[in-house]
Structure formats: C-alpha cells, structure tokens
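Below: one structure, written as structure tokens.
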Amino acid sequence: MNIEIVAVGKIKEEYLRKGIDDYLKRLSRYAKLKVIEIADEDISQRMPAEVKAREARKLAKYISPSDSRYVIALDIQGHEATSEELAEKLESLMVAGKSTVTFVIGGALGLDESVLNAADFRLSFSRMTFTHQIARFILLEQVYRSFKIIKGEPYHY
C-alpha cells in the first residue's frame, strides 16, 4: 500500500521532526510512504477564507480522485475513530484495491470546504485543536499502530 501525506506547512520543531522521521522509518516496513509539503499562506496578510482557498488550490493537484486513490482529510468535524477502527478502514481499503491512501492536513486555519468535499472520508483525532505539526506526528503514529494491528503484531497496549 502507498501512504501519502499531503500537508500544508513544514515541520519546524526539531523534536517533532525527529519523532516524525522515526515513524516514517518504522512505517516503511509496511507501506511505501510519500510526504508532500505545500507552502502555507501568510495568515497575517490575507483574510481567512482567501488563505484557505489559496492553500486548497495548491492541494488540489495532489488529491485528485482516482479508482486507486482514497483521500482522507483531517477535519475536527470528521469521524472520530478508535485505533482499531482506523486499522479496519485501512485494511478494507487494501482489500477493495485502493493502492494509495492520501491523508490531507491543513494549515493553521484548517482545510477549505472544497478540499473537505473532495475527500472520500473526514477523520478527526479529537474535538480538540492541534497544530498541523502535531497532527502529522499523531497521524503517523496512528497509521503505524494500524499496520501493527492489521498484522497482528504487538503494539496495541
């Protein structure tokens, strides 16, 4: 399976970069990984709707629908899944022939409605708000945990 993470913004904090790199390395045993970073817009220079729309235009070319791609947008209003449910979702996508799962992480203001509407599924980690940097770390940990669950390997404590 191919896992793509399309994210607005870069990882600026060294401690998060190290954690993210660790999970990318761990995940490479289970899936082919690709991380695409989109430049974030300056939120002090534009209205929120314009920032999100500009970021959405940049994201659009990486999340176009296809028969083999499944797009999951991280959205605070999305479905809150347990680790087991996320594992079941990923496993069902593999069985259904979806060779690529693309996760989309918005910037400081979240994702534009056009990106959310283009997604096949909206996933929420919590009703709490996380920075896009922390969301990426949590996502990678949960995807790694999902593959461990799918393979029946110890990790879920």
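Just remember, in the structure tokens the first chain shown is A, the second B, etc., residues are 1-based per chain, and ligands are 1-based in the order shown.
Those residues that approach stretch 15-20 of chain A to within 10 Å, counting only C-alpha atoms, are Lys10, Ile11, Lys12, Tyr23, Leu24, Lys25, Arg26, Gln133, Ile134, Arg136, Phe137, Ile138, Leu139, Leu140 and Glu141 of chain A; same-chain residues fewer than 3 positions away are not listed.
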Write the residues of the selection above to a file with all heavy atoms, as a CSV table (one decimal), in the first residue's frame.
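The file below, again35.csv, is the result:
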```csv
chain,number,residue,atom,x,y,z
A,10,LYS,N,5.5,23.2,6.9
A,10,LYS,CA,6.7,22.4,7.2
A,10,LYS,C,6.7,22.1,8.7
A,10,LYS,O,6.1,22.8,9.5
A,10,LYS,CB,8.0,23.1,6.8
A,10,LYS,CG,8.1,23.3,5.3
A,10,LYS,CD,9.5,23.9,4.9
A,10,LYS,CE,9.7,24.0,3.5
A,10,LYS,NZ,9.7,22.8,2.7
A,11,ILE,N,7.5,21.1,9.0
A,11,ILE,CA,7.7,20.8,10.4
A,11,ILE,C,8.9,21.6,10.9
A,11,ILE,O,10.0,21.5,10.4
A,11,ILE,CB,8.0,19.3,10.6
A,11,ILE,CG1,6.9,18.4,10.1
A,11,ILE,CG2,8.3,19.0,12.1
A,11,ILE,CD1,5.5,18.6,10.8
A,12,LYS,N,8.6,22.5,11.8
A,12,LYS,CA,9.6,23.5,12.2
A,12,LYS,C,10.3,23.1,13.5
A,12,LYS,O,11.4,23.4,13.8
A,12,LYS,CB,9.0,24.9,12.4
A,12,LYS,CG,8.4,25.4,11.1
A,12,LYS,CD,7.6,26.7,11.3
A,12,LYS,CE,7.1,27.1,9.9
A,12,LYS,NZ,5.8,27.7,10.0
A,23,TYR,N,8.8,7.6,12.9
A,23,TYR,CA,7.6,6.8,12.5
A,23,TYR,C,7.6,6.6,11.0
A,23,TYR,O,7.1,5.5,10.5
A,23,TYR,CB,6.3,7.5,12.9
A,23,TYR,CG,5.9,7.2,14.3
A,23,TYR,CD1,6.1,8.1,15.4
A,23,TYR,CD2,5.5,5.9,14.7
A,23,TYR,CE1,5.8,7.7,16.7
A,23,TYR,CE2,5.2,5.5,16.0
A,23,TYR,CZ,5.4,6.4,17.0
A,23,TYR,OH,5.1,6.1,18.3
A,24,LEU,N,8.2,7.5,10.2
A,24,LEU,CA,8.3,7.2,8.8
A,24,LEU,C,9.2,6.0,8.5
A,24,LEU,O,8.9,5.2,7.7
A,24,LEU,CB,8.9,8.5,8.1
A,24,LEU,CG,7.9,9.7,7.9
A,24,LEU,CD1,8.7,10.9,7.4
A,24,LEU,CD2,6.8,9.3,6.9
A,25,LYS,N,10.3,5.9,9.3
A,25,LYS,CA,11.2,4.8,9.2
A,25,LYS,C,10.4,3.5,9.6
A,25,LYS,O,10.5,2.5,8.9
A,25,LYS,CB,12.4,5.0,10.0
A,25,LYS,CG,13.4,3.9,10.0
A,25,LYS,CD,14.6,4.2,10.8
A,25,LYS,CE,15.6,3.0,10.8
A,25,LYS,NZ,16.8,3.3,11.7
A,26,ARG,N,9.7,3.5,10.7
A,26,ARG,CA,9.0,2.3,11.2
A,26,ARG,C,8.0,1.9,10.1
A,26,ARG,O,7.8,0.7,9.9
A,26,ARG,CB,8.3,2.6,12.5
A,26,ARG,CG,9.2,2.8,13.7
A,26,ARG,CD,8.3,3.0,14.9
A,26,ARG,NE,9.1,3.5,16.0
A,26,ARG,CZ,8.7,3.3,17.3
A,26,ARG,NH1,7.6,2.8,17.5
A,26,ARG,NH2,9.5,3.8,18.3
A,133,GLN,N,1.6,20.5,12.7
A,133,GLN,CA,2.8,19.7,13.0
A,133,GLN,C,2.5,18.5,13.9
A,133,GLN,O,2.9,17.4,13.7
A,133,GLN,CB,3.9,20.6,13.7
A,133,GLN,CG,4.4,21.7,12.8
A,133,GLN,CD,5.5,22.5,13.4
A,133,GLN,OE1,6.6,22.1,13.6
A,133,GLN,NE2,5.1,23.7,13.9
A,134,ILE,N,1.8,18.8,15.0
A,134,ILE,CA,1.4,17.7,15.9
A,134,ILE,C,0.4,16.8,15.3
A,134,ILE,O,0.5,15.5,15.5
A,134,ILE,CB,0.8,18.3,17.2
A,134,ILE,CG1,2.0,19.0,18.0
A,134,ILE,CG2,0.2,17.2,18.1
A,134,ILE,CD1,1.5,19.8,19.2
A,136,ARG,N,0.4,15.8,12.2
A,136,ARG,CA,1.2,14.9,11.4
A,136,ARG,C,1.9,13.8,12.2
A,136,ARG,O,1.9,12.7,11.8
A,136,ARG,CB,2.3,15.7,10.6
A,136,ARG,CG,2.9,14.8,9.5
A,136,ARG,CD,3.9,15.4,8.6
A,136,ARG,NE,3.7,16.8,8.2
A,136,ARG,CZ,4.6,17.5,7.4
A,136,ARG,NH1,5.7,16.8,7.0
A,136,ARG,NH2,4.3,18.7,7.1
A,137,PHE,N,2.4,14.2,13.4
A,137,PHE,CA,3.0,13.2,14.3
A,137,PHE,C,2.0,12.2,14.7
A,137,PHE,O,2.2,11.0,14.7
A,137,PHE,CB,3.6,13.9,15.5
A,137,PHE,CG,4.2,13.0,16.5
A,137,PHE,CD1,5.5,12.4,16.3
A,137,PHE,CD2,3.5,12.7,17.6
A,137,PHE,CE1,6.0,11.5,17.2
A,137,PHE,CE2,4.1,11.8,18.6
A,137,PHE,CZ,5.3,11.2,18.3
A,138,ILE,N,0.8,12.7,15.2
A,138,ILE,CA,-0.3,11.8,15.6
A,138,ILE,C,-0.7,10.9,14.5
A,138,ILE,O,-0.9,9.7,14.7
A,138,ILE,CB,-1.4,12.6,16.2
A,138,ILE,CG1,-1.1,13.3,17.5
A,138,ILE,CG2,-2.6,11.7,16.4
A,138,ILE,CD1,-2.1,14.3,17.9
A,139,LEU,N,-0.9,11.4,13.3
A,139,LEU,CA,-1.3,10.6,12.2
A,139,LEU,C,-0.3,9.5,11.9
A,139,LEU,O,-0.7,8.3,11.7
A,139,LEU,CB,-1.4,11.5,10.9
A,139,LEU,CG,-1.7,10.8,9.6
A,139,LEU,CD1,-3.0,10.1,9.6
A,139,LEU,CD2,-1.6,11.7,8.4
A,140,LEU,N,1.0,9.8,11.8
A,140,LEU,CA,1.9,8.7,11.6
A,140,LEU,C,1.9,7.7,12.6
A,140,LEU,O,2.0,6.5,12.3
A,140,LEU,CB,3.3,9.4,11.4
A,140,LEU,CG,3.5,10.1,10.1
A,140,LEU,CD1,4.8,10.9,10.1
A,140,LEU,CD2,3.5,9.1,8.9
A,141,GLU,N,1.8,8.1,13.9
A,141,GLU,CA,1.8,7.1,15.0
A,141,GLU,C,0.5,6.2,14.8
A,141,GLU,O,0.6,5.0,15.0
A,141,GLU,CB,1.8,7.8,16.3
A,141,GLU,CG,2.0,6.9,17.5
A,141,GLU,CD,0.7,6.1,17.9
A,141,GLU,OE1,-0.4,6.6,17.7
A,141,GLU,OE2,0.9,5.0,18.5
```
### Query
So which residues touch stretch 71-77 of chain A within 6 Å, counting only C-alpha atoms, skipping near sequence neighbours fewer than 6 positions away, as a PyMOL selection string?
chain A and resi 101-105+119-124+127
### Message
Env of A:Asp67: 10 Å cut, atoms = only C-alpha atoms, seq-sep filter 3 positions within chain, self excluded. Answer as a VMD selection string.
### Response
chain A and resid 70 97 to 100
Residues from the last selection, C-alpha atoms, saved as a compact mmCIF listing (two decimals), in the first residue's frame:
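Contents of part-v5.txt, freshly written:
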```txt
# COMPACT_ATOMS: atom_id res chain seq x y z
CA TYR A 70 -8.66 7.14 -1.36
CA GLY A 97 -7.99 -2.39 -4.30
CA LYS A 98 -7.19 1.15 -3.17
CA SER A 99 -3.44 1.13 -3.64
CA THR A 100 -2.95 4.69 -2.36
```
### Task
Identify which of the residues A:Gly9, A:Gly152, A:Gly78, A:Pro65 lies closest to A:Glu41, counting only C-alpha atoms when measuring atom-to-atom distances.
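Counting only C-alpha atoms, the residue closest to A:Glu41 is A:Gly9.
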### Task
Tell me, in Å to one decimal, how far atom CA of A:Ala49 is from atom CA of A:Asn117.
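So the two atoms, atom CA of A:Ala49 and atom CA of A:Asn117, lie 15.6 Å apart.
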Extract, using only C-alpha atoms, all DNA, RNA and protein residues at most 12 Å from A:Tyr144, discarding same-chain residues fewer than 5 positions from it, and format them as a PDB file with all heavy atoms, in the first residue's frame.
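The resulting file, out.pdb, is reproduced below:
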```
ATOM      1  N   ILE A   3       1.099   5.142   1.110  1.00  0.00           N
ATOM      2  CA  ILE A   3       0.550   6.137   2.021  1.00  0.00           C
ATOM      3  C   ILE A   3       1.164   7.470   1.652  1.00  0.00           C
ATOM      4  O   ILE A   3       2.390   7.623   1.625  1.00  0.00           O
ATOM      5  CB  ILE A   3       0.872   5.820   3.499  1.00  0.00           C
ATOM      6  CG1 ILE A   3       0.322   4.462   3.918  1.00  0.00           C
ATOM      7  CG2 ILE A   3       0.390   6.942   4.414  1.00  0.00           C
ATOM      8  CD1 ILE A   3      -1.172   4.378   4.064  1.00  0.00           C
ATOM      9  N   ILE A  20       8.632  12.304  13.866  1.00  0.00           N
ATOM     10  CA  ILE A  20       8.031  12.023  12.558  1.00  0.00           C
ATOM     11  C   ILE A  20       8.958  11.146  11.725  1.00  0.00           C
ATOM     12  O   ILE A  20       8.519  10.164  11.126  1.00  0.00           O
ATOM     13  CB  ILE A  20       7.661  13.340  11.846  1.00  0.00           C
ATOM     14  CG1 ILE A  20       6.435  13.962  12.525  1.00  0.00           C
ATOM     15  CG2 ILE A  20       7.443  13.130  10.346  1.00  0.00           C
ATOM     16  CD1 ILE A  20       6.154  15.396  12.126  1.00  0.00           C
ATOM     17  N   ASP A  22      11.141   9.089  12.813  1.00  0.00           N
ATOM     18  CA  ASP A  22      11.144   7.760  13.406  1.00  0.00           C
ATOM     19  C   ASP A  22       9.930   6.956  12.920  1.00  0.00           C
ATOM     20  O   ASP A  22      10.079   5.793  12.518  1.00  0.00           O
ATOM     21  CB  ASP A  22      11.130   7.864  14.936  1.00  0.00           C
ATOM     22  CG  ASP A  22      11.138   6.500  15.600  1.00  0.00           C
ATOM     23  OD1 ASP A  22      11.999   5.661  15.257  1.00  0.00           O
ATOM     24  OD2 ASP A  22      10.273   6.262  16.471  1.00  0.00           O
ATOM     25  N   TYR A  23       8.755   7.553  12.926  1.00  0.00           N
ATOM     26  CA  TYR A  23       7.566   6.824  12.470  1.00  0.00           C
ATOM     27  C   TYR A  23       7.596   6.573  10.962  1.00  0.00           C
ATOM     28  O   TYR A  23       7.121   5.539  10.502  1.00  0.00           O
ATOM     29  CB  TYR A  23       6.278   7.520  12.908  1.00  0.00           C
ATOM     30  CG  TYR A  23       5.938   7.152  14.331  1.00  0.00           C
ATOM     31  CD1 TYR A  23       6.061   8.071  15.353  1.00  0.00           C
ATOM     32  CD2 TYR A  23       5.525   5.860  14.658  1.00  0.00           C
ATOM     33  CE1 TYR A  23       5.778   7.723  16.664  1.00  0.00           C
ATOM     34  CE2 TYR A  23       5.243   5.501  15.966  1.00  0.00           C
ATOM     35  CZ  TYR A  23       5.371   6.433  16.963  1.00  0.00           C
ATOM     36  OH  TYR A  23       5.095   6.075  18.262  1.00  0.00           O
ATOM     37  N   LEU A  24       8.151   7.488  10.201  1.00  0.00           N
ATOM     38  CA  LEU A  24       8.299   7.233   8.761  1.00  0.00           C
ATOM     39  C   LEU A  24       9.192   6.013   8.529  1.00  0.00           C
ATOM     40  O   LEU A  24       8.897   5.174   7.671  1.00  0.00           O
ATOM     41  CB  LEU A  24       8.872   8.466   8.055  1.00  0.00           C
ATOM     42  CG  LEU A  24       7.922   9.652   7.898  1.00  0.00           C
ATOM     43  CD1 LEU A  24       8.684  10.888   7.425  1.00  0.00           C
ATOM     44  CD2 LEU A  24       6.791   9.320   6.945  1.00  0.00           C
ATOM     45  N   LYS A  25      10.265   5.906   9.296  1.00  0.00           N
ATOM     46  CA  LYS A  25      11.167   4.759   9.177  1.00  0.00           C
ATOM     47  C   LYS A  25      10.449   3.474   9.578  1.00  0.00           C
ATOM     48  O   LYS A  25      10.534   2.460   8.882  1.00  0.00           O
ATOM     49  CB  LYS A  25      12.398   4.985  10.049  1.00  0.00           C
ATOM     50  CG  LYS A  25      13.423   3.886   9.954  1.00  0.00           C
ATOM     51  CD  LYS A  25      14.634   4.201  10.824  1.00  0.00           C
ATOM     52  CE  LYS A  25      15.615   3.048  10.791  1.00  0.00           C
ATOM     53  NZ  LYS A  25      16.766   3.292  11.669  1.00  0.00           N
ATOM     54  N   ARG A  26       9.732   3.500  10.699  1.00  0.00           N
ATOM     55  CA  ARG A  26       9.003   2.314  11.160  1.00  0.00           C
ATOM     56  C   ARG A  26       7.955   1.876  10.134  1.00  0.00           C
ATOM     57  O   ARG A  26       7.792   0.697   9.863  1.00  0.00           O
ATOM     58  CB  ARG A  26       8.291   2.590  12.476  1.00  0.00           C
ATOM     59  CG  ARG A  26       9.190   2.780  13.663  1.00  0.00           C
ATOM     60  CD  ARG A  26       8.346   3.042  14.880  1.00  0.00           C
ATOM     61  NE  ARG A  26       9.118   3.490  16.013  1.00  0.00           N
ATOM     62  CZ  ARG A  26       8.718   3.350  17.260  1.00  0.00           C
ATOM     63  NH1 ARG A  26       7.559   2.783  17.537  1.00  0.00           N
ATOM     64  NH2 ARG A  26       9.463   3.790  18.256  1.00  0.00           N
ATOM     65  N   LEU A  27       7.244   2.843   9.590  1.00  0.00           N
ATOM     66  CA  LEU A  27       6.171   2.546   8.632  1.00  0.00           C
ATOM     67  C   LEU A  27       6.693   1.992   7.317  1.00  0.00           C
ATOM     68  O   LEU A  27       5.954   1.306   6.601  1.00  0.00           O
ATOM     69  CB  LEU A  27       5.363   3.810   8.352  1.00  0.00           C
ATOM     70  CG  LEU A  27       4.139   4.012   9.216  1.00  0.00           C
ATOM     71  CD1 LEU A  27       3.615   5.435   9.073  1.00  0.00           C
ATOM     72  CD2 LEU A  27       3.067   3.010   8.863  1.00  0.00           C
ATOM     73  N   SER A  28       7.920   2.298   6.979  1.00  0.00           N
ATOM     74  CA  SER A  28       8.467   1.858   5.690  1.00  0.00           C
ATOM     75  C   SER A  28       8.495   0.332   5.562  1.00  0.00           C
ATOM     76  O   SER A  28       8.591  -0.187   4.460  1.00  0.00           O
ATOM     77  CB  SER A  28       9.850   2.455   5.455  1.00  0.00           C
ATOM     78  OG  SER A  28      10.786   1.906   6.371  1.00  0.00           O
ATOM     79  N   ARG A  29       8.378  -0.390   6.660  1.00  0.00           N
ATOM     80  CA  ARG A  29       8.285  -1.861   6.617  1.00  0.00           C
ATOM     81  C   ARG A  29       6.938  -2.320   6.061  1.00  0.00           C
ATOM     82  O   ARG A  29       6.812  -3.437   5.589  1.00  0.00           O
ATOM     83  CB  ARG A  29       8.420  -2.441   8.028  1.00  0.00           C
ATOM     84  CG  ARG A  29       9.780  -2.329   8.628  1.00  0.00           C
ATOM     85  CD  ARG A  29       9.865  -2.982  10.006  1.00  0.00           C
ATOM     86  NE  ARG A  29       9.319  -4.335   9.992  1.00  0.00           N
ATOM     87  CZ  ARG A  29       8.587  -4.842  10.986  1.00  0.00           C
ATOM     88  NH1 ARG A  29       8.299  -4.118  12.039  1.00  0.00           N
ATOM     89  NH2 ARG A  29       8.140  -6.090  10.906  1.00  0.00           N
ATOM     90  N   TYR A  30       5.933  -1.464   6.171  1.00  0.00           N
ATOM     91  CA  TYR A  30       4.564  -1.856   5.836  1.00  0.00           C
ATOM     92  C   TYR A  30       4.011  -1.198   4.576  1.00  0.00           C
ATOM     93  O   TYR A  30       3.081  -1.717   3.975  1.00  0.00           O
ATOM     94  CB  TYR A  30       3.625  -1.517   7.006  1.00  0.00           C
ATOM     95  CG  TYR A  30       4.027  -2.161   8.298  1.00  0.00           C
ATOM     96  CD1 TYR A  30       4.698  -1.436   9.275  1.00  0.00           C
ATOM     97  CD2 TYR A  30       3.754  -3.500   8.536  1.00  0.00           C
ATOM     98  CE1 TYR A  30       5.069  -2.034  10.468  1.00  0.00           C
ATOM     99  CE2 TYR A  30       4.129  -4.105   9.726  1.00  0.00           C
ATOM    100  CZ  TYR A  30       4.783  -3.362  10.688  1.00  0.00           C
ATOM    101  OH  TYR A  30       5.157  -3.961  11.861  1.00  0.00           O
ATOM    102  N   ALA A  31       4.533  -0.045   4.233  1.00  0.00           N
ATOM    103  CA  ALA A  31       3.950   0.716   3.126  1.00  0.00           C
ATOM    104  C   ALA A  31       5.015   1.599   2.492  1.00  0.00           C
ATOM    105  O   ALA A  31       6.029   1.932   3.108  1.00  0.00           O
ATOM    106  CB  ALA A  31       2.801   1.586   3.637  1.00  0.00           C
ATOM    107  N   LEU A  33       5.901   5.211   1.458  1.00  0.00           N
ATOM    108  CA  LEU A  33       5.480   6.491   2.014  1.00  0.00           C
ATOM    109  C   LEU A  33       5.944   7.661   1.164  1.00  0.00           C
ATOM    110  O   LEU A  33       7.052   7.644   0.622  1.00  0.00           O
ATOM    111  CB  LEU A  33       6.050   6.662   3.420  1.00  0.00           C
ATOM    112  CG  LEU A  33       5.632   5.581   4.407  1.00  0.00           C
ATOM    113  CD1 LEU A  33       6.608   5.493   5.541  1.00  0.00           C
ATOM    114  CD2 LEU A  33       4.243   5.875   4.916  1.00  0.00           C
ATOM    115  N   SER A  83      -8.357   3.407  17.305  1.00  0.00           N
ATOM    116  CA  SER A  83      -7.219   2.855  16.568  1.00  0.00           C
ATOM    117  C   SER A  83      -7.635   1.608  15.797  1.00  0.00           C
ATOM    118  O   SER A  83      -7.225   1.407  14.654  1.00  0.00           O
ATOM    119  CB  SER A  83      -6.071   2.521  17.527  1.00  0.00           C
ATOM    120  OG  SER A  83      -5.602   3.699  18.146  1.00  0.00           O
ATOM    121  N   GLU A  84      -8.472   0.789  16.414  1.00  0.00           N
ATOM    122  CA  GLU A  84      -8.945  -0.423  15.745  1.00  0.00           C
ATOM    123  C   GLU A  84      -9.803  -0.084  14.531  1.00  0.00           C
ATOM    124  O   GLU A  84      -9.705  -0.739  13.492  1.00  0.00           O
ATOM    125  CB  GLU A  84      -9.750  -1.303  16.711  1.00  0.00           C
ATOM    126  CG  GLU A  84      -8.936  -1.890  17.846  1.00  0.00           C
ATOM    127  CD  GLU A  84      -8.775  -0.959  19.051  1.00  0.00           C
ATOM    128  OE1 GLU A  84      -9.296   0.170  19.029  1.00  0.00           O
ATOM    129  OE2 GLU A  84      -8.105  -1.360  20.001  1.00  0.00           O
ATOM    130  N   LEU A  86      -9.587   2.640  12.672  1.00  0.00           N
ATOM    131  CA  LEU A  86      -8.708   3.132  11.608  1.00  0.00           C
ATOM    132  C   LEU A  86      -8.003   1.955  10.936  1.00  0.00           C
ATOM    133  O   LEU A  86      -7.895   1.909   9.704  1.00  0.00           O
ATOM    134  CB  LEU A  86      -7.695   4.144  12.137  1.00  0.00           C
ATOM    135  CG  LEU A  86      -6.756   4.742  11.093  1.00  0.00           C
ATOM    136  CD1 LEU A  86      -7.525   5.456   9.978  1.00  0.00           C
ATOM    137  CD2 LEU A  86      -5.761   5.690  11.755  1.00  0.00           C
ATOM    138  N   ALA A  87      -7.564   0.986  11.722  1.00  0.00           N
ATOM    139  CA  ALA A  87      -6.922  -0.206  11.150  1.00  0.00           C
ATOM    140  C   ALA A  87      -7.903  -0.940  10.240  1.00  0.00           C
ATOM    141  O   ALA A  87      -7.541  -1.347   9.129  1.00  0.00           O
ATOM    142  CB  ALA A  87      -6.428  -1.125  12.263  1.00  0.00           C
ATOM    143  N   LEU A  90      -8.258   1.016   6.939  1.00  0.00           N
ATOM    144  CA  LEU A  90      -7.117   0.834   6.047  1.00  0.00           C
ATOM    145  C   LEU A  90      -7.110  -0.572   5.444  1.00  0.00           C
ATOM    146  O   LEU A  90      -6.856  -0.740   4.251  1.00  0.00           O
ATOM    147  CB  LEU A  90      -5.803   1.119   6.775  1.00  0.00           C
ATOM    148  CG  LEU A  90      -5.564   2.571   7.178  1.00  0.00           C
ATOM    149  CD1 LEU A  90      -4.274   2.703   7.970  1.00  0.00           C
ATOM    150  CD2 LEU A  90      -5.553   3.491   5.976  1.00  0.00           C
ATOM    151  N   PHE A 137       2.405  14.195  13.367  1.00  0.00           N
ATOM    152  CA  PHE A 137       3.010  13.217  14.264  1.00  0.00           C
ATOM    153  C   PHE A 137       1.964  12.201  14.724  1.00  0.00           C
ATOM    154  O   PHE A 137       2.196  10.983  14.669  1.00  0.00           O
ATOM    155  CB  PHE A 137       3.648  13.928  15.466  1.00  0.00           C
ATOM    156  CG  PHE A 137       4.227  12.985  16.471  1.00  0.00           C
ATOM    157  CD1 PHE A 137       5.463  12.404  16.263  1.00  0.00           C
ATOM    158  CD2 PHE A 137       3.533  12.674  17.632  1.00  0.00           C
ATOM    159  CE1 PHE A 137       6.004  11.517  17.197  1.00  0.00           C
ATOM    160  CE2 PHE A 137       4.060  11.797  18.552  1.00  0.00           C
ATOM    161  CZ  PHE A 137       5.300  11.216  18.343  1.00  0.00           C
ATOM    162  N   ILE A 138       0.816  12.678  15.166  1.00  0.00           N
ATOM    163  CA  ILE A 138      -0.251  11.788  15.624  1.00  0.00           C
ATOM    164  C   ILE A 138      -0.704  10.882  14.486  1.00  0.00           C
ATOM    165  O   ILE A 138      -0.906   9.676  14.682  1.00  0.00           O
ATOM    166  CB  ILE A 138      -1.446  12.596  16.179  1.00  0.00           C
ATOM    167  CG1 ILE A 138      -1.052  13.331  17.465  1.00  0.00           C
ATOM    168  CG2 ILE A 138      -2.647  11.688  16.441  1.00  0.00           C
ATOM    169  CD1 ILE A 138      -2.086  14.342  17.944  1.00  0.00           C
ATOM    170  N   LEU A 139      -0.874  11.439  13.306  1.00  0.00           N
ATOM    171  CA  LEU A 139      -1.300  10.645  12.153  1.00  0.00           C
ATOM    172  C   LEU A 139      -0.323   9.494  11.890  1.00  0.00           C
ATOM    173  O   LEU A 139      -0.740   8.339  11.730  1.00  0.00           O
ATOM    174  CB  LEU A 139      -1.418  11.523  10.911  1.00  0.00           C
ATOM    175  CG  LEU A 139      -1.680  10.784   9.602  1.00  0.00           C
ATOM    176  CD1 LEU A 139      -3.029  10.080   9.639  1.00  0.00           C
ATOM    177  CD2 LEU A 139      -1.599  11.749   8.426  1.00  0.00           C
ATOM    178  N   ILE A 149      -1.713  -3.498  14.131  1.00  0.00           N
ATOM    179  CA  ILE A 149      -2.976  -4.182  14.428  1.00  0.00           C
ATOM    180  C   ILE A 149      -3.347  -5.114  13.276  1.00  0.00           C
ATOM    181  O   ILE A 149      -3.695  -6.281  13.484  1.00  0.00           O
ATOM    182  CB  ILE A 149      -4.094  -3.157  14.718  1.00  0.00           C
ATOM    183  CG1 ILE A 149      -3.822  -2.426  16.034  1.00  0.00           C
ATOM    184  CG2 ILE A 149      -5.467  -3.843  14.751  1.00  0.00           C
ATOM    185  CD1 ILE A 149      -4.714  -1.207  16.270  1.00  0.00           C
ATOM    186  N   ILE A 150      -3.263  -4.604  12.058  1.00  0.00           N
ATOM    187  CA  ILE A 150      -3.618  -5.400  10.865  1.00  0.00           C
ATOM    188  C   ILE A 150      -2.764  -6.663  10.794  1.00  0.00           C
ATOM    189  O   ILE A 150      -3.254  -7.754  10.482  1.00  0.00           O
ATOM    190  CB  ILE A 150      -3.465  -4.561   9.574  1.00  0.00           C
ATOM    191  CG1 ILE A 150      -4.532  -3.478   9.508  1.00  0.00           C
ATOM    192  CG2 ILE A 150      -3.498  -5.452   8.326  1.00  0.00           C
ATOM    193  CD1 ILE A 150      -4.263  -2.386   8.465  1.00  0.00           C
ATOM    194  N   LYS A 151      -1.484  -6.542  11.094  1.00  0.00           N
ATOM    195  CA  LYS A 151      -0.551  -7.666  11.005  1.00  0.00           C
ATOM    196  C   LYS A 151      -0.599  -8.577  12.241  1.00  0.00           C
ATOM    197  O   LYS A 151       0.080  -9.595  12.277  1.00  0.00           O
ATOM    198  CB  LYS A 151       0.884  -7.171  10.808  1.00  0.00           C
ATOM    199  CG  LYS A 151       1.107  -6.386   9.537  1.00  0.00           C
ATOM    200  CD  LYS A 151       1.025  -7.274   8.331  1.00  0.00           C
ATOM    201  CE  LYS A 151       1.369  -6.495   7.073  1.00  0.00           C
ATOM    202  NZ  LYS A 151       1.242  -7.287   5.874  1.00  0.00           N
ATOM    203  N   GLU A 153       0.563  -7.868  15.133  1.00  0.00           N
ATOM    204  CA  GLU A 153       1.813  -7.702  15.866  1.00  0.00           C
ATOM    205  C   GLU A 153       1.565  -6.912  17.154  1.00  0.00           C
ATOM    206  O   GLU A 153       0.680  -6.058  17.196  1.00  0.00           O
ATOM    207  CB  GLU A 153       2.831  -6.966  14.993  1.00  0.00           C
ATOM    208  CG  GLU A 153       3.199  -7.742  13.750  1.00  0.00           C
ATOM    209  CD  GLU A 153       4.090  -6.969  12.798  1.00  0.00           C
ATOM    210  OE1 GLU A 153       4.421  -5.796  13.063  1.00  0.00           O
ATOM    211  OE2 GLU A 153       4.450  -7.549  11.767  1.00  0.00           O
ATOM    212  N   PRO A 154       2.333  -7.195  18.191  1.00  0.00           N
ATOM    213  CA  PRO A 154       2.114  -6.468  19.454  1.00  0.00           C
ATOM    214  C   PRO A 154       2.488  -4.990  19.316  1.00  0.00           C
ATOM    215  O   PRO A 154       3.553  -4.663  18.819  1.00  0.00           O
ATOM    216  CB  PRO A 154       3.035  -7.176  20.441  1.00  0.00           C
ATOM    217  CG  PRO A 154       4.053  -7.881  19.603  1.00  0.00           C
ATOM    218  CD  PRO A 154       3.402  -8.171  18.287  1.00  0.00           C
ATOM    219  N   TYR A 155       1.595  -4.163  19.693  1.00  0.00           N
ATOM    220  CA  TYR A 155       1.830  -2.737  19.766  1.00  0.00           C
ATOM    221  C   TYR A 155       0.678  -2.066  20.489  1.00  0.00           C
ATOM    222  O   TYR A 155       0.828  -1.049  21.125  1.00  0.00           O
ATOM    223  CB  TYR A 155       2.005  -2.087  18.383  1.00  0.00           C
ATOM    224  CG  TYR A 155       2.376  -0.620  18.467  1.00  0.00           C
ATOM    225  CD1 TYR A 155       3.663  -0.230  18.820  1.00  0.00           C
ATOM    226  CD2 TYR A 155       1.445   0.375  18.269  1.00  0.00           C
ATOM    227  CE1 TYR A 155       4.001   1.095  18.942  1.00  0.00           C
ATOM    228  CE2 TYR A 155       1.771   1.709  18.372  1.00  0.00           C
ATOM    229  CZ  TYR A 155       3.059   2.075  18.713  1.00  0.00           C
ATOM    230  OH  TYR A 155       3.390   3.381  18.831  1.00  0.00           O
ATOM    231  N   HIS A 156      -0.486  -2.658  20.381  1.00  0.00           N
ATOM    232  CA  HIS A 156      -1.687  -2.046  20.952  1.00  0.00           C
ATOM    233  C   HIS A 156      -1.800  -2.451  22.419  1.00  0.00           C
ATOM    234  O   HIS A 156      -2.148  -3.568  22.735  1.00  0.00           O
ATOM    235  CB  HIS A 156      -2.918  -2.485  20.158  1.00  0.00           C
ATOM    236  CG  HIS A 156      -4.147  -1.741  20.558  1.00  0.00           C
ATOM    237  ND1 HIS A 156      -4.316  -0.412  20.281  1.00  0.00           N
ATOM    238  CD2 HIS A 156      -5.238  -2.124  21.241  1.00  0.00           C
ATOM    239  CE1 HIS A 156      -5.489  -0.027  20.744  1.00  0.00           C
ATOM    240  NE2 HIS A 156      -6.053  -1.049  21.343  1.00  0.00           N
TER     241      HIS A 156
END
```
### Message
Between atom CA of A:Gly106 and atom CA of A:Lys89, what distance in Å does the model show, to one decimal?
### Response
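Between atom CA of A:Gly106 and atom CA of A:Lys89 the gap works out to 21.4 Å.
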### Query
What is the distance, in Å and to one decimal place, between atom CA of A:Lys52 and atom CA of A:Asp112?
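Separation between atom CA of A:Lys52 and atom CA of A:Asp112: 5.0 Å.
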### Task
Output as a PyMOL selection string all residues of stretch 11-139 of chain A that backbone DSSP marks as helix (DSSP H, G or I).
chain A and resi 14-27+48-60+83-95+113-118+132-139
### Message
For the structure I just gave you, how does DSSP split stretch 54-145 of chain A - specifically, which residues are strand (DSSP E)? Reply as a PyMOL selection string.
### Response
chain A and resi 69-80+100-105+121-124
